[in-house]
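These notes are about the structure you will find just below.
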Amino acid sequence: MENKTARAPRRSRIQQKNRETILAAALDVFSAQGFRGATLDQIALQAGLSKPNLLYYFGSKEEIHRDLLTGLMTAWLEPLRAMREDGDPLAEMLGYMRRKLDLSRDFPRESRLFANEILQGAPRISEVIQGELRDLVQEKARLLSRWMDLGRIRRSDPVHLIISVWALTQHYADFESQTRAVLGEGHDPWTEAAAFLETLYRRLLSPLPG
């Protein structure tokens, strides 16, 4: 029997570089225009490649978008996966919040790409959302519930607690221009958000005295 892995062609450095260039360009276009508004011509122009050259690497707009979302979902789930059962509960939740905020700060285009997909009803990642993401949220919600039962953090709805972290961190990427306009000059939204959210979650989750 032939070894299919052995027969799979390896990409050259130039081919890999061109794929990365196309994906980076597509991220710019998709995050600005959304999936429906983006075109292969726009992506090729942003990448500095001809459309036929782009189609050598990716067969369609859908394929490019799927590749971007696949990589994005891996990164998006990692902060929640990193929540440790053997850690201090309050520190673990604050750590999760900070990791999500850092992710939004460092990857704003990716955050907007994800937001655009969700606003369209998540047609291309619904399977991941209803499967891997939901399973992970339920797993961590059970962990939070155990900590609450032990009195190690204050009781609240664990699933909505996780969702609140998404809302309060990703907003700063998805609506960054609005946030900067409201705050005005001389403000660093990310530093101020980190300080505010840490205070907020400490007050929400710190166990009551006694």
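Chains: A, B, ... in order of the structure tokens. Residues: from 1 per chain. Ligands: from 1, in order shown.
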
Closest contacts (segment 37-97 of chain A/segment 14-28 of chain A, max 12 Å, only C-alpha atoms) as a tab-separated table:
```
residue	atom	partner	partner_atom	distance
A:Gly37	CA	A:Ala26	CA	11.8
A:Ala38	CA	A:Ala26	CA	8.4
A:Thr39	CA	A:Ala26	CA	9.2
A:Leu40	CA	A:Ala26	CA	8.6
A:Asp41	CA	A:Ala26	CA	10.4
A:Gln42	CA	A:Ala26	CA	8.3
A:Ile43	CA	A:Ala26	CA	5.2
A:Ala44	CA	A:Ile22	CA	7.3
A:Leu45	CA	A:Ala25	CA	8.5
A:Gln46	CA	A:Ala25	CA	5.3
A:Ala47	CA	A:Ala25	CA	5.1
A:Gly48	CA	A:Thr21	CA	8.7
A:Leu49	CA	A:Ile22	CA	8.3
A:Ser50	CA	A:Ile22	CA	10.8
A:Lys51	CA	A:Ile22	CA	10.7
A:Asn53	CA	A:Asn18	CA	9.3
A:Leu54	CA	A:Ile22	CA	7.2
A:Leu55	CA	A:Ile22	CA	10.2
A:Tyr56	CA	A:Arg19	CA	9.8
A:Tyr57	CA	A:Arg19	CA	6.6
A:Phe58	CA	A:Arg19	CA	8.3
A:Ser60	CA	A:Ala26	CA	11.7
A:Lys61	CA	A:Ala26	CA	8.9
A:Glu62	CA	A:Ala26	CA	11.0
A:Glu63	CA	A:Leu23	CA	10.5
A:Ile64	CA	A:Leu23	CA	6.8
A:His65	CA	A:Ala26	CA	7.7
A:Arg66	CA	A:Leu23	CA	10.5
A:Asp67	CA	A:Leu23	CA	8.1
A:Leu68	CA	A:Leu23	CA	6.9
A:Leu69	CA	A:Leu27	CA	9.8
A:Thr70	CA	A:Leu23	CA	11.9
A:Gly71	CA	A:Leu23	CA	10.6
A:Leu72	CA	A:Leu27	CA	10.6
```

Give me the residues near Pro158 of chain A as a VMD selection string, where near means some atom within 10 Å (using only C-alpha atoms) and where sequence neighbours in that chain fewer than 5 positions away do not count. chain A and resid 137 to 138 140 to 145 148 163 to 164

Compile the contact shell of segment 186-199 of chain A as a list in words: residues with an atom at most 7 Å away, counting only C-alpha atoms, same-chain residues fewer than 3 positions apart removed.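 Returned residues: Leu94, Arg98, Arg105, Arg180, Leu183, Arg202 and Arg203 of chain A.
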
Export, as a JSON list (two decimals), in the first residue's frame, the selected residues with N, CA and C atoms.
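That gives us selection04.json:
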```
[["chain", "number", "residue", "atom", "x", "y", "z"],
["A", 94, "LEU", "N", -9.19, 35.65, 36.87],
["A", 94, "LEU", "CA", -8.54, 36.91, 36.48],
["A", 94, "LEU", "C", -7.52, 36.66, 35.36],
["A", 98, "ARG", "N", -7.51, 38.34, 31.64],
["A", 98, "ARG", "CA", -6.36, 39.06, 31.09],
["A", 98, "ARG", "C", -5.90, 38.44, 29.77],
["A", 105, "ARG", "N", -6.38, 42.69, 22.21],
["A", 105, "ARG", "CA", -5.45, 43.79, 21.94],
["A", 105, "ARG", "C", -4.46, 43.43, 20.83],
["A", 180, "ARG", "N", -11.92, 54.61, 21.77],
["A", 180, "ARG", "CA", -10.90, 55.68, 21.76],
["A", 180, "ARG", "C", -11.56, 57.05, 21.63],
["A", 183, "LEU", "N", -13.09, 57.91, 25.10],
["A", 183, "LEU", "CA", -12.07, 58.19, 26.13],
["A", 183, "LEU", "C", -11.32, 59.48, 25.83],
["A", 202, "ARG", "N", -12.70, 41.09, 40.64],
["A", 202, "ARG", "CA", -12.33, 40.84, 42.04],
["A", 202, "ARG", "C", -13.53, 41.09, 42.95],
["A", 203, "ARG", "N", -14.23, 42.18, 42.71],
["A", 203, "ARG", "CA", -15.38, 42.50, 43.55],
["A", 203, "ARG", "C", -16.52, 41.51, 43.31]]
```

Between atom CA of Ala115 of chain A and atom CA of Leu161 of chain A, what is the distance in Å, rounded to a tenth?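 Interatomic distance, atom CA of Ala115 of chain A to atom CA of Leu161 of chain A: 19.3 Å.
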
Apply DSSP to the structure's backbone, then extract all residues of segment 33-196 of chain A labelled helix (DSSP H, G or I) and return them as an mmCIF file with C-alpha atoms, in the first residue's frame.
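part21.cif written:
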```cif
data_model
loop_
_atom_site.group_PDB
_atom_site.id
_atom_site.type_symbol
_atom_site.label_atom_id
_atom_site.label_comp_id
_atom_site.auth_asym_id
_atom_site.auth_seq_id
_atom_site.Cartn_x
_atom_site.Cartn_y
_atom_site.Cartn_z
ATOM 1 C CA GLN A 33 -15.619 43.995 4.628
ATOM 2 C CA GLY A 34 -17.050 40.835 6.162
ATOM 3 C CA PHE A 35 -17.314 37.583 4.241
ATOM 4 C CA ARG A 36 -20.023 38.766 1.861
ATOM 5 C CA GLY A 37 -18.377 42.070 1.063
ATOM 6 C CA LEU A 40 -10.901 37.562 -4.376
ATOM 7 C CA ASP A 41 -9.873 40.631 -6.378
ATOM 8 C CA GLN A 42 -9.629 42.678 -3.177
ATOM 9 C CA ILE A 43 -7.607 39.973 -1.453
ATOM 10 C CA ALA A 44 -5.241 39.590 -4.427
ATOM 11 C CA LEU A 45 -4.717 43.358 -4.584
ATOM 12 C CA GLN A 46 -4.029 43.541 -0.842
ATOM 13 C CA ALA A 47 -1.577 40.632 -1.131
ATOM 14 C CA LYS A 51 -5.798 36.729 -8.994
ATOM 15 C CA PRO A 52 -4.609 33.630 -10.967
ATOM 16 C CA ASN A 53 -1.600 33.408 -8.645
ATOM 17 C CA LEU A 54 -3.888 33.572 -5.613
ATOM 18 C CA LEU A 55 -6.091 30.824 -7.055
ATOM 19 C CA TYR A 56 -3.027 28.608 -7.383
ATOM 20 C CA TYR A 57 -2.856 28.510 -3.579
ATOM 21 C CA LYS A 61 -12.857 32.738 -1.144
ATOM 22 C CA GLU A 62 -14.578 30.157 1.046
ATOM 23 C CA GLU A 63 -11.360 28.118 1.345
ATOM 24 C CA ILE A 64 -9.349 31.143 2.454
ATOM 25 C CA HIS A 65 -12.005 32.125 4.976
ATOM 26 C CA ARG A 66 -12.200 28.584 6.340
ATOM 27 C CA ASP A 67 -8.414 28.451 6.827
ATOM 28 C CA LEU A 68 -8.473 31.732 8.723
ATOM 29 C CA LEU A 69 -11.350 30.677 10.961
ATOM 30 C CA THR A 70 -9.773 27.296 11.714
ATOM 31 C CA GLY A 71 -6.596 28.942 12.968
ATOM 32 C CA LEU A 72 -8.579 31.588 14.812
ATOM 33 C CA MET A 73 -10.741 29.114 16.723
ATOM 34 C CA THR A 74 -7.645 27.298 17.984
ATOM 35 C CA ALA A 75 -6.258 30.562 19.359
ATOM 36 C CA TRP A 76 -9.647 31.690 20.691
ATOM 37 C CA LEU A 77 -10.159 28.547 22.770
ATOM 38 C CA GLU A 78 -6.675 28.458 24.265
ATOM 39 C CA PRO A 79 -7.205 31.076 27.039
ATOM 40 C CA LEU A 80 -10.141 29.093 28.427
ATOM 41 C CA ARG A 81 -8.334 25.780 28.087
ATOM 42 C CA PRO A 89 -9.963 30.115 41.605
ATOM 43 C CA LEU A 90 -9.890 33.909 41.683
ATOM 44 C CA ALA A 91 -6.427 34.011 40.118
ATOM 45 C CA GLU A 92 -7.535 31.582 37.402
ATOM 46 C CA MET A 93 -10.559 33.699 36.459
ATOM 47 C CA LEU A 94 -8.536 36.906 36.476
ATOM 48 C CA GLY A 95 -5.885 35.180 34.392
ATOM 49 C CA TYR A 96 -8.514 34.085 31.882
ATOM 50 C CA MET A 97 -9.848 37.636 31.640
ATOM 51 C CA ARG A 98 -6.364 39.061 31.094
ATOM 52 C CA ARG A 99 -5.517 36.448 28.429
ATOM 53 C CA LYS A 100 -8.722 37.264 26.559
ATOM 54 C CA LEU A 101 -8.037 40.989 26.786
ATOM 55 C CA ASP A 102 -4.470 40.495 25.545
ATOM 56 C CA LEU A 103 -5.777 38.394 22.667
ATOM 57 C CA SER A 104 -8.187 41.162 21.680
ATOM 58 C CA ARG A 105 -5.445 43.789 21.938
ATOM 59 C CA ASP A 106 -2.877 41.825 19.952
ATOM 60 C CA PRO A 108 -7.980 42.959 16.656
ATOM 61 C CA ARG A 109 -8.464 41.925 13.015
ATOM 62 C CA GLU A 110 -9.012 38.325 14.058
ATOM 63 C CA SER A 111 -11.534 39.448 16.663
ATOM 64 C CA ARG A 112 -13.471 41.413 14.048
ATOM 65 C CA LEU A 113 -13.330 38.470 11.638
ATOM 66 C CA PHE A 114 -14.861 36.253 14.318
ATOM 67 C CA ALA A 115 -17.484 38.889 15.179
ATOM 68 C CA ASN A 116 -18.505 39.212 11.526
ATOM 69 C CA GLU A 117 -18.909 35.450 11.256
ATOM 70 C CA ILE A 118 -21.074 35.322 14.377
ATOM 71 C CA LEU A 119 -23.230 38.230 13.188
ATOM 72 C CA SER A 126 -21.399 26.482 13.647
ATOM 73 C CA GLU A 127 -20.110 22.930 14.065
ATOM 74 C CA VAL A 128 -17.179 24.108 16.182
ATOM 75 C CA ILE A 129 -19.346 26.458 18.247
ATOM 76 C CA GLN A 130 -21.995 23.838 18.924
ATOM 77 C CA GLY A 131 -19.386 21.165 19.575
ATOM 78 C CA GLU A 132 -15.867 21.988 20.729
ATOM 79 C CA LEU A 133 -16.600 25.463 22.095
ATOM 80 C CA ARG A 134 -19.792 24.457 23.889
ATOM 81 C CA ASP A 135 -18.139 21.373 25.396
ATOM 82 C CA LEU A 136 -15.212 23.445 26.662
ATOM 83 C CA VAL A 137 -17.507 26.081 28.185
ATOM 84 C CA GLN A 138 -19.558 23.385 29.922
ATOM 85 C CA GLU A 139 -16.386 21.760 31.264
ATOM 86 C CA LYS A 140 -15.081 25.030 32.710
ATOM 87 C CA ALA A 141 -18.542 25.979 33.983
ATOM 88 C CA ARG A 142 -18.599 22.752 36.019
ATOM 89 C CA LEU A 143 -15.195 23.667 37.432
ATOM 90 C CA LEU A 144 -16.422 27.145 38.368
ATOM 91 C CA SER A 145 -19.506 25.626 39.983
ATOM 92 C CA ARG A 146 -17.328 23.338 42.138
ATOM 93 C CA TRP A 147 -15.283 26.321 43.282
ATOM 94 C CA MET A 148 -18.515 28.165 44.105
ATOM 95 C CA ASP A 149 -19.869 25.182 46.049
ATOM 96 C CA PRO A 158 -20.850 30.129 35.568
ATOM 97 C CA VAL A 159 -21.768 30.080 31.870
ATOM 98 C CA HIS A 160 -22.823 33.727 31.852
ATOM 99 C CA LEU A 161 -19.681 34.534 33.822
ATOM 100 C CA ILE A 162 -17.594 33.152 30.942
ATOM 101 C CA ILE A 163 -19.752 34.934 28.351
ATOM 102 C CA SER A 164 -19.293 38.200 30.261
ATOM 103 C CA VAL A 165 -15.524 37.871 29.820
ATOM 104 C CA TRP A 166 -16.009 37.551 26.064
ATOM 105 C CA ALA A 167 -18.263 40.613 25.977
ATOM 106 C CA LEU A 168 -16.076 42.801 28.175
ATOM 107 C CA THR A 169 -12.782 41.977 26.460
ATOM 108 C CA GLN A 170 -13.621 41.554 22.771
ATOM 109 C CA HIS A 171 -15.559 44.833 22.760
ATOM 110 C CA TYR A 172 -12.261 46.703 22.993
ATOM 111 C CA ALA A 173 -11.123 45.176 19.691
ATOM 112 C CA ASP A 174 -14.420 45.117 17.817
ATOM 113 C CA GLU A 176 -11.871 50.156 19.345
ATOM 114 C CA SER A 177 -12.516 53.345 17.363
ATOM 115 C CA GLN A 178 -15.638 54.049 19.447
ATOM 116 C CA THR A 179 -13.795 53.392 22.703
ATOM 117 C CA ARG A 180 -10.900 55.680 21.756
ATOM 118 C CA ALA A 181 -13.307 58.416 20.672
ATOM 119 C CA VAL A 182 -15.206 58.266 23.965
ATOM 120 C CA LEU A 183 -12.074 58.186 26.126
ATOM 121 C CA PRO A 189 -7.873 51.858 26.447
ATOM 122 C CA TRP A 190 -6.086 48.556 26.986
ATOM 123 C CA THR A 191 -4.221 49.517 30.165
ATOM 124 C CA GLU A 192 -7.291 51.183 31.613
ATOM 125 C CA ALA A 193 -9.535 48.263 30.630
ATOM 126 C CA ALA A 194 -7.196 45.765 32.306
ATOM 127 C CA ALA A 195 -7.223 47.730 35.569
ATOM 128 C CA PHE A 196 -10.997 48.263 35.504
#
```

Find the distance between atom CA of Leu208 of chain A and atom CA of Gly151 of chain A and write it in Å to one decimal.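 Atom CA of Gly151 of chain A lies at a distance of 8.6 Å from atom CA of Leu208 of chain A.
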
What's the separation between atom CA of Gly59 of chain A and atom CA of Arg13 of chain A, in Å to one decimal place?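 Interatomic distance, atom CA of Gly59 of chain A to atom CA of Arg13 of chain A: 20.0 Å.
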